[in-house]
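Engineer: Can you read through this structure? Questions will come right after.
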Amino acid sequence: MNIDLKNKVCLVTGGNRGIGRAVVKTLVDSGGVVAFDFREREKPARELAEEITAAGGRAQAFQADITDEFRVKRMVEEIHDELGPIEVLVNNAGVNRDHSFAKMTKEEWDEVIAVNLTGTFNVTKAVLPNFIEAGWGRIINISSIVGQRGNFGQANYAASKAGLIGMTKALALELAGKGITVNAIAPGFIDTDMTAGIPEAVTEKIKATIPMRRYGSTDEVAPAVVFLASEQASYITGHVMSVNGGLYL
Ligand code: NDP
């Protein structure tokens with residue numbers, strides 16, 4: 001099977017590093033034209049766009065905090081003007097602010113919900129009119145295994161990621177008759193900055209619980225995103241795809 005995104009314009013939020021960065025590169029490798037956003041780390045974003053352009057691909061970086069709905073709307077207009085209407089949306093940007101619930105502050109709760117859940121709402125809301133007008137679109141939300149089964153010290157993050165699964169299913173139903181599919185990916189533990197802060201001893205304990213006995217790589221998540229973005233995935237909607245080494249079945 002050959003996946004060809006045929007110059008479809010894709011937007012990946014949080015594309016400058018981690019899972020988003022691998023998704024950007026894999027979408028470009030599959031023939032997509034990729035806009036990606038970053039919140040504050042501009043250097044890796046610019047370097048990624050330059051690296052892709054130098055290799056003959058098309059990718060462009062945009063700054064936008066996805067919690068700022070007005071900036072998000074503006075960014076979507078900028079992408080439309082510079083690259084064309086968006087056809088594939090990957091809601092990847094996310095944060096964690098971990099504490100046991102007893103110690104979790106209201107600020108930590110609010111920030112995680114604002115980025116992971118309301119930020120996804122903001123970007124989807126800004127992009128969706130184009131999809132409806134075109135009668136075609138792909139939305140892929142990056143949830144988490146933590147949204148499926150919970151995790152100690154992550155009540156805010158688990159609520160946001162479970163919320164994304166609910167949003168994915170509701171939107172899939174609303175958009176099924178309009179040529180638009182909406183799916184989620186639930187990665188397990190993946191090697192990125194987000195997991196780099198976990199102490200070594202805890203990491204070893206986590207790995208011992210994973211049937212594959214290792215963390216996944218960002219390159220093991222990105223192909224799942226590209227498949228769900230493809231024409232070939234046209235009859236798949238409302239699905240939550242686990243990429244977790246067997247940790248939650
Ligand atoms: P990283 O911490 O490596 O990267 C997070 C990305 O999100 C960065 O690009 C960051 O931009 C961006 N971002 C954060 N807040 C905002 C915001 N307010 N507006 C715009 N962009 C923002 O994370 P990962 O690559 O590990 O995670 C990517 C996604 O996958 C997240 O949704 C995460 O919850 C999910 N996930 C990760 C897992 C893992 O084990 N790593 C497991 C399961 C799910 P900047 O660099 O500019 O701050």
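Residues are named by chain letter and number: chains run A, B, ... in the order of the structure tokens, numbers start at 1 in each chain, and ligands are numbered from 1 in the order shown.
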Around ligand 1, which protein and nucleic acid residues have at least one atom no more than 6 Å from it, if we count only C-alpha atoms and all ligand atoms? List them as a VMD selection string.

Structural biologist: chain A and resid 13 to 20 38 to 41 64 to 67 92 to 95 115 142 to 144 187 to 195

Engineer: Suppose we keep N, CA, C and O atoms; can you now write the selection as a tab-separated table (two decimals), in the first residue's frame?

Structural biologist:
```
chain	number	residue	atom	x	y	z
A	13	THR	N	-0.19	20.74	15.41
A	13	THR	CA	0.11	21.64	16.54
A	13	THR	C	1.25	21.02	17.36
A	13	THR	O	1.34	19.80	17.48
A	14	GLY	N	2.09	21.89	17.90
A	14	GLY	CA	3.24	21.41	18.69
A	14	GLY	C	4.15	20.56	17.82
A	14	GLY	O	4.56	19.46	18.20
A	15	GLY	N	4.53	21.09	16.65
A	15	GLY	CA	5.30	20.29	15.69
A	15	GLY	C	6.80	20.48	15.77
A	15	GLY	O	7.54	19.87	15.00
A	16	ASN	N	7.27	21.33	16.68
A	16	ASN	CA	8.71	21.64	16.69
A	16	ASN	C	9.56	20.58	17.38
A	16	ASN	O	10.78	20.56	17.23
A	17	ARG	N	8.94	19.72	18.21
A	17	ARG	CA	9.73	18.70	18.91
A	17	ARG	C	8.85	17.50	19.25
A	17	ARG	O	7.63	17.53	19.04
A	18	GLY	N	9.49	16.46	19.76
A	18	GLY	CA	8.75	15.29	20.24
A	18	GLY	C	7.94	14.59	19.16
A	18	GLY	O	8.34	14.50	18.00
A	19	ILE	N	6.77	14.11	19.55
A	19	ILE	CA	5.91	13.35	18.65
A	19	ILE	C	5.51	14.22	17.45
A	19	ILE	O	5.52	13.77	16.30
A	20	GLY	N	5.18	15.48	17.72
A	20	GLY	CA	4.74	16.38	16.64
A	20	GLY	C	5.80	16.52	15.56
A	20	GLY	O	5.48	16.53	14.37
A	38	PHE	N	4.24	26.14	16.99
A	38	PHE	CA	4.99	25.99	18.23
A	38	PHE	C	4.52	27.12	19.15
A	38	PHE	O	3.95	28.10	18.68
A	39	ARG	N	4.75	26.95	20.44
A	39	ARG	CA	4.32	28.00	21.37
A	39	ARG	C	5.44	28.98	21.66
A	39	ARG	O	5.29	30.17	21.52
A	40	GLU	N	6.65	28.43	22.04
A	40	GLU	CA	7.72	29.35	22.43
A	40	GLU	C	9.10	28.95	21.93
A	40	GLU	O	9.96	29.79	21.81
A	41	ARG	N	9.30	27.68	21.62
A	41	ARG	CA	10.65	27.27	21.19
A	41	ARG	C	10.79	27.45	19.69
A	41	ARG	O	10.59	26.52	18.91
A	64	ALA	N	1.95	30.06	17.57
A	64	ALA	CA	0.62	30.29	18.13
A	64	ALA	C	0.48	29.50	19.42
A	64	ALA	O	0.78	28.30	19.46
A	65	ASP	N	0.05	30.18	20.46
A	65	ASP	CA	-0.35	29.48	21.68
A	65	ASP	C	-1.79	29.03	21.46
A	65	ASP	O	-2.67	29.87	21.24
A	66	ILE	N	-2.03	27.74	21.49
A	66	ILE	CA	-3.37	27.26	21.11
A	66	ILE	C	-4.44	27.62	22.14
A	66	ILE	O	-5.62	27.42	21.87
A	67	THR	N	-4.04	28.15	23.29
A	67	THR	CA	-5.05	28.61	24.25
A	67	THR	C	-5.61	29.98	23.85
A	67	THR	O	-6.59	30.44	24.41
A	92	ASN	N	-1.89	17.84	18.30
A	92	ASN	CA	-0.83	17.13	19.03
A	92	ASN	C	-0.33	17.90	20.26
A	92	ASN	O	0.07	17.28	21.24
A	93	ALA	N	-0.38	19.23	20.23
A	93	ALA	CA	0.22	20.02	21.33
A	93	ALA	C	-0.40	19.62	22.67
A	93	ALA	O	-1.61	19.45	22.77
A	94	GLY	N	0.44	19.46	23.66
A	94	GLY	CA	-0.07	19.09	24.97
A	94	GLY	C	0.96	19.33	26.06
A	94	GLY	O	2.16	19.41	25.78
A	95	VAL	N	0.47	19.44	27.28
A	95	VAL	CA	1.37	19.63	28.43
A	95	VAL	C	0.91	18.73	29.58
A	95	VAL	O	-0.24	18.29	29.61
A	115	VAL	N	-4.80	23.88	27.67
A	115	VAL	CA	-3.98	23.53	26.50
A	115	VAL	C	-4.55	22.27	25.82
A	115	VAL	O	-4.89	22.28	24.64
A	142	ILE	N	-4.26	13.65	19.35
A	142	ILE	CA	-3.31	12.85	20.12
A	142	ILE	C	-3.75	12.84	21.58
A	142	ILE	O	-3.60	13.81	22.31
A	143	SER	N	-4.36	11.71	21.94
A	143	SER	CA	-4.80	11.51	23.33
A	143	SER	C	-3.65	10.84	24.08
A	143	SER	O	-2.48	11.18	23.87
A	144	SER	N	-3.96	9.86	24.92
A	144	SER	CA	-2.92	9.17	25.69
A	144	SER	C	-3.51	7.93	26.34
A	144	SER	O	-4.71	7.88	26.64
A	187	PRO	N	-1.03	7.15	22.54
A	187	PRO	CA	0.31	6.59	22.75
A	187	PRO	C	0.49	6.15	24.20
A	187	PRO	O	-0.11	6.72	25.12
A	188	GLY	N	1.35	5.14	24.37
A	188	GLY	CA	1.79	4.78	25.73
A	188	GLY	C	2.96	5.67	26.10
A	188	GLY	O	2.95	6.87	25.82
A	189	PHE	N	4.00	5.09	26.69
A	189	PHE	CA	5.18	5.89	27.06
A	189	PHE	C	6.11	6.02	25.86
A	189	PHE	O	6.60	5.02	25.33
A	190	ILE	N	6.33	7.27	25.43
A	190	ILE	CA	7.14	7.54	24.24
A	190	ILE	C	8.33	8.41	24.67
A	190	ILE	O	8.18	9.32	25.48
A	191	ASP	N	9.49	8.11	24.09
A	191	ASP	CA	10.72	8.85	24.40
A	191	ASP	C	10.65	10.28	23.89
A	191	ASP	O	10.88	10.53	22.70
A	192	THR	N	10.34	11.25	24.74
A	192	THR	CA	10.33	12.68	24.35
A	192	THR	C	10.71	13.49	25.60
A	192	THR	O	10.91	12.94	26.67
A	193	ASP	N	10.73	14.83	25.44
A	193	ASP	CA	11.01	15.69	26.59
A	193	ASP	C	10.00	15.44	27.72
A	193	ASP	O	10.31	15.59	28.89
A	194	MET	N	8.74	15.08	27.32
A	194	MET	CA	7.69	14.90	28.33
A	194	MET	C	8.00	13.76	29.29
A	194	MET	O	7.70	13.83	30.48
A	195	THR	N	8.62	12.70	28.77
A	195	THR	CA	8.95	11.56	29.62
A	195	THR	C	10.38	11.63	30.15
A	195	THR	O	10.75	10.87	31.04
```

Engineer: Using the chain letters and numbers from this document, which residues of range 146-229 of chain A does DSSP assign to strand (DSSP E or B), as a PyMOL selection string?

Structural biologist: chain A and resi 180-187+190+216

Engineer: For the selection just defined, write its residues with N, CA, C and O atoms to a file, as a JSON list (two decimals), in the first residue's frame.

Structural biologist:
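Here's the written file result23.json:
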```json
[["chain", "number", "residue", "atom", "x", "y", "z"],
["A", 180, "ILE", "N", -15.76, 13.78, 6.54],
["A", 180, "ILE", "CA", -14.68, 14.12, 7.48],
["A", 180, "ILE", "C", -14.56, 13.01, 8.53],
["A", 180, "ILE", "O", -15.56, 12.64, 9.14],
["A", 181, "THR", "N", -13.36, 12.49, 8.70],
["A", 181, "THR", "CA", -13.17, 11.48, 9.74],
["A", 181, "THR", "C", -12.45, 12.11, 10.94],
["A", 181, "THR", "O", -11.65, 13.05, 10.78],
["A", 182, "VAL", "N", -12.77, 11.60, 12.11],
["A", 182, "VAL", "CA", -12.17, 12.11, 13.35],
["A", 182, "VAL", "C", -11.73, 10.91, 14.18],
["A", 182, "VAL", "O", -12.55, 10.07, 14.57],
["A", 183, "ASN", "N", -10.44, 10.81, 14.41],
["A", 183, "ASN", "CA", -9.90, 9.68, 15.18],
["A", 183, "ASN", "C", -8.90, 10.17, 16.22],
["A", 183, "ASN", "O", -8.44, 11.31, 16.16],
["A", 184, "ALA", "N", -8.62, 9.29, 17.15],
["A", 184, "ALA", "CA", -7.62, 9.62, 18.18],
["A", 184, "ALA", "C", -6.53, 8.57, 18.19],
["A", 184, "ALA", "O", -6.76, 7.42, 17.82],
["A", 185, "ILE", "N", -5.36, 8.99, 18.62],
["A", 185, "ILE", "CA", -4.27, 8.05, 18.87],
["A", 185, "ILE", "C", -3.93, 8.14, 20.35],
["A", 185, "ILE", "O", -3.87, 9.24, 20.92],
["A", 186, "ALA", "N", -3.78, 6.99, 20.96],
["A", 186, "ALA", "CA", -3.46, 6.96, 22.39],
["A", 186, "ALA", "C", -2.08, 6.32, 22.57],
["A", 186, "ALA", "O", -1.96, 5.10, 22.70],
["A", 187, "PRO", "N", -1.03, 7.15, 22.54],
["A", 187, "PRO", "CA", 0.31, 6.59, 22.75],
["A", 187, "PRO", "C", 0.49, 6.15, 24.20],
["A", 187, "PRO", "O", -0.11, 6.72, 25.12],
["A", 190, "ILE", "N", 6.33, 7.27, 25.43],
["A", 190, "ILE", "CA", 7.14, 7.54, 24.24],
["A", 190, "ILE", "C", 8.33, 8.41, 24.67],
["A", 190, "ILE", "O", 8.18, 9.32, 25.48],
["A", 216, "GLY", "N", 8.26, 3.57, 23.53],
["A", 216, "GLY", "CA", 8.16, 3.69, 22.08],
["A", 216, "GLY", "C", 8.95, 4.90, 21.61],
["A", 216, "GLY", "O", 9.31, 5.78, 22.40]]
```

Engineer: To one decimal in Å, tell me the separation between CA of Arg138 in chain A and CA of Ala229 in chain A.

Structural biologist: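 Here the two named atoms are 5.6 Å from each other.
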
Engineer: Excluding Asp81 in chain A and its own-chain neighbours fewer than 5 positions away, which residues fall within 12 Å of it when counting only C-alpha atoms? Please give them as a PyMOL selection string.

Structural biologist: chain A and resi 9+35+74-76+86

Engineer: Those residues you just picked out, can you put them in a file as an mmCIF file, in the first residue's frame with N, CA, C and O atoms?

Structural biologist:
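The file below, result39.cif, is the result:
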```cif
data_model
loop_
_atom_site.group_PDB
_atom_site.id
_atom_site.type_symbol
_atom_site.label_atom_id
_atom_site.label_comp_id
_atom_site.auth_asym_id
_atom_site.auth_seq_id
_atom_site.Cartn_x
_atom_site.Cartn_y
_atom_site.Cartn_z
ATOM 1 N N VAL A 9 -2.685 19.946 2.422
ATOM 2 C CA VAL A 9 -2.144 20.851 3.439
ATOM 3 C C VAL A 9 -2.534 20.325 4.824
ATOM 4 O O VAL A 9 -3.709 20.094 5.110
ATOM 5 N N ALA A 35 2.063 22.672 7.627
ATOM 6 C CA ALA A 35 2.201 23.815 8.534
ATOM 7 C C ALA A 35 2.261 23.240 9.939
ATOM 8 O O ALA A 35 1.512 22.317 10.256
ATOM 9 N N ARG A 74 -6.175 33.570 13.511
ATOM 10 C CA ARG A 74 -5.263 34.319 12.630
ATOM 11 C C ARG A 74 -4.271 33.361 11.961
ATOM 12 O O ARG A 74 -4.009 33.471 10.761
ATOM 13 N N MET A 75 -3.731 32.433 12.761
ATOM 14 C CA MET A 75 -2.754 31.473 12.204
ATOM 15 C C MET A 75 -3.401 30.655 11.083
ATOM 16 O O MET A 75 -2.779 30.440 10.033
ATOM 17 N N VAL A 76 -4.623 30.217 11.290
ATOM 18 C CA VAL A 76 -5.301 29.412 10.263
ATOM 19 C C VAL A 76 -5.491 30.247 8.992
ATOM 20 O O VAL A 76 -5.303 29.747 7.876
ATOM 21 N N ILE A 86 -6.473 24.141 4.799
ATOM 22 C CA ILE A 86 -6.020 22.958 5.553
ATOM 23 C C ILE A 86 -6.986 21.799 5.301
ATOM 24 O O ILE A 86 -8.202 21.978 5.285
#
```

Engineer: Set the distance at 12 Å and use only C-alpha atoms: which residues neighbour Gln148 in chain A once local chain neighbours fewer than 3 positions away are removed? I'd like the list as a ChimeraX atom specification.

Structural biologist: /A:143-145,151,157-166,184-188,240-242,244,247-249

Engineer: Which of these residues is nearest to Lys25 in chain A, using only C-alpha atoms: A:Lys106, A:Arg214, A:Lys6, A:Arg58?

Structural biologist: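 The shortest atom-to-atom distance to Lys25 in chain A comes from A:Arg58.
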
Engineer: CA of Leu128 in chain A and CA of Gly57 in chain A, how far apart in Å?

Structural biologist: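 Computing the Euclidean distance for CA of Gly57 in chain A and CA of Leu128 in chain A yields 25.5 Å.
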
Engineer: Would you return as an MDAnalysis selection string the members of range 92-193 of chain A that DSSP assigns to alpha helix (DSSP H) on this structure's backbone?

Structural biologist: chainID A and resid 106:112 119:134 145:149 155:175 193

Engineer: Within 12 Å of Asn130 in chain A, counting only C-alpha atoms, which residues qualify if same-chain residues fewer than 2 places away don't, as a list in words?

Structural biologist: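 Residues meeting the cut-off are Val9, Val76, Glu77, Ile79, His80, Gly84, Pro85, Ile86, Glu87, Val88, Leu89, Thr124, Lys125, Ala126, Val127, Leu128, Ile132, Glu133, Ala134, Gly135, Trp136, Gly137, Arg138, Lys178 and Ile180 of chain A.
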
Engineer: Please provide as a compact mmCIF listing (two decimals) with C-alpha atoms, in the first residue's frame all residues within 9 Å of Glu78 in chain A, with the sequence filter that same-chain residues fewer than 5 positions apart are discarded (counting only C-alpha atoms).

Structural biologist:
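Output saved as around_12.txt:
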```
# COMPACT_ATOMS: atom_id res chain seq x y z
CA PHE A 62 3.90 29.30 12.70
CA LYS A 73 -7.88 31.95 14.02
CA LEU A 83 -0.17 27.26 1.70
```

Engineer: Between CA of Pro44 in chain A and CA of Val28 in chain A, measure the distance and give it in Å to one decimal.

Structural biologist: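 CA of Pro44 in chain A sits 16.9 Å away from CA of Val28 in chain A.
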
Engineer: Just checking: using only C-alpha atoms, which residue out of A:Glu42, A:Glu231, A:Asn7, A:Leu117 ends up closest to Asn141 in chain A?

Structural biologist: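 Using only C-alpha atoms, Asn141 in chain A sits closest to A:Leu117.
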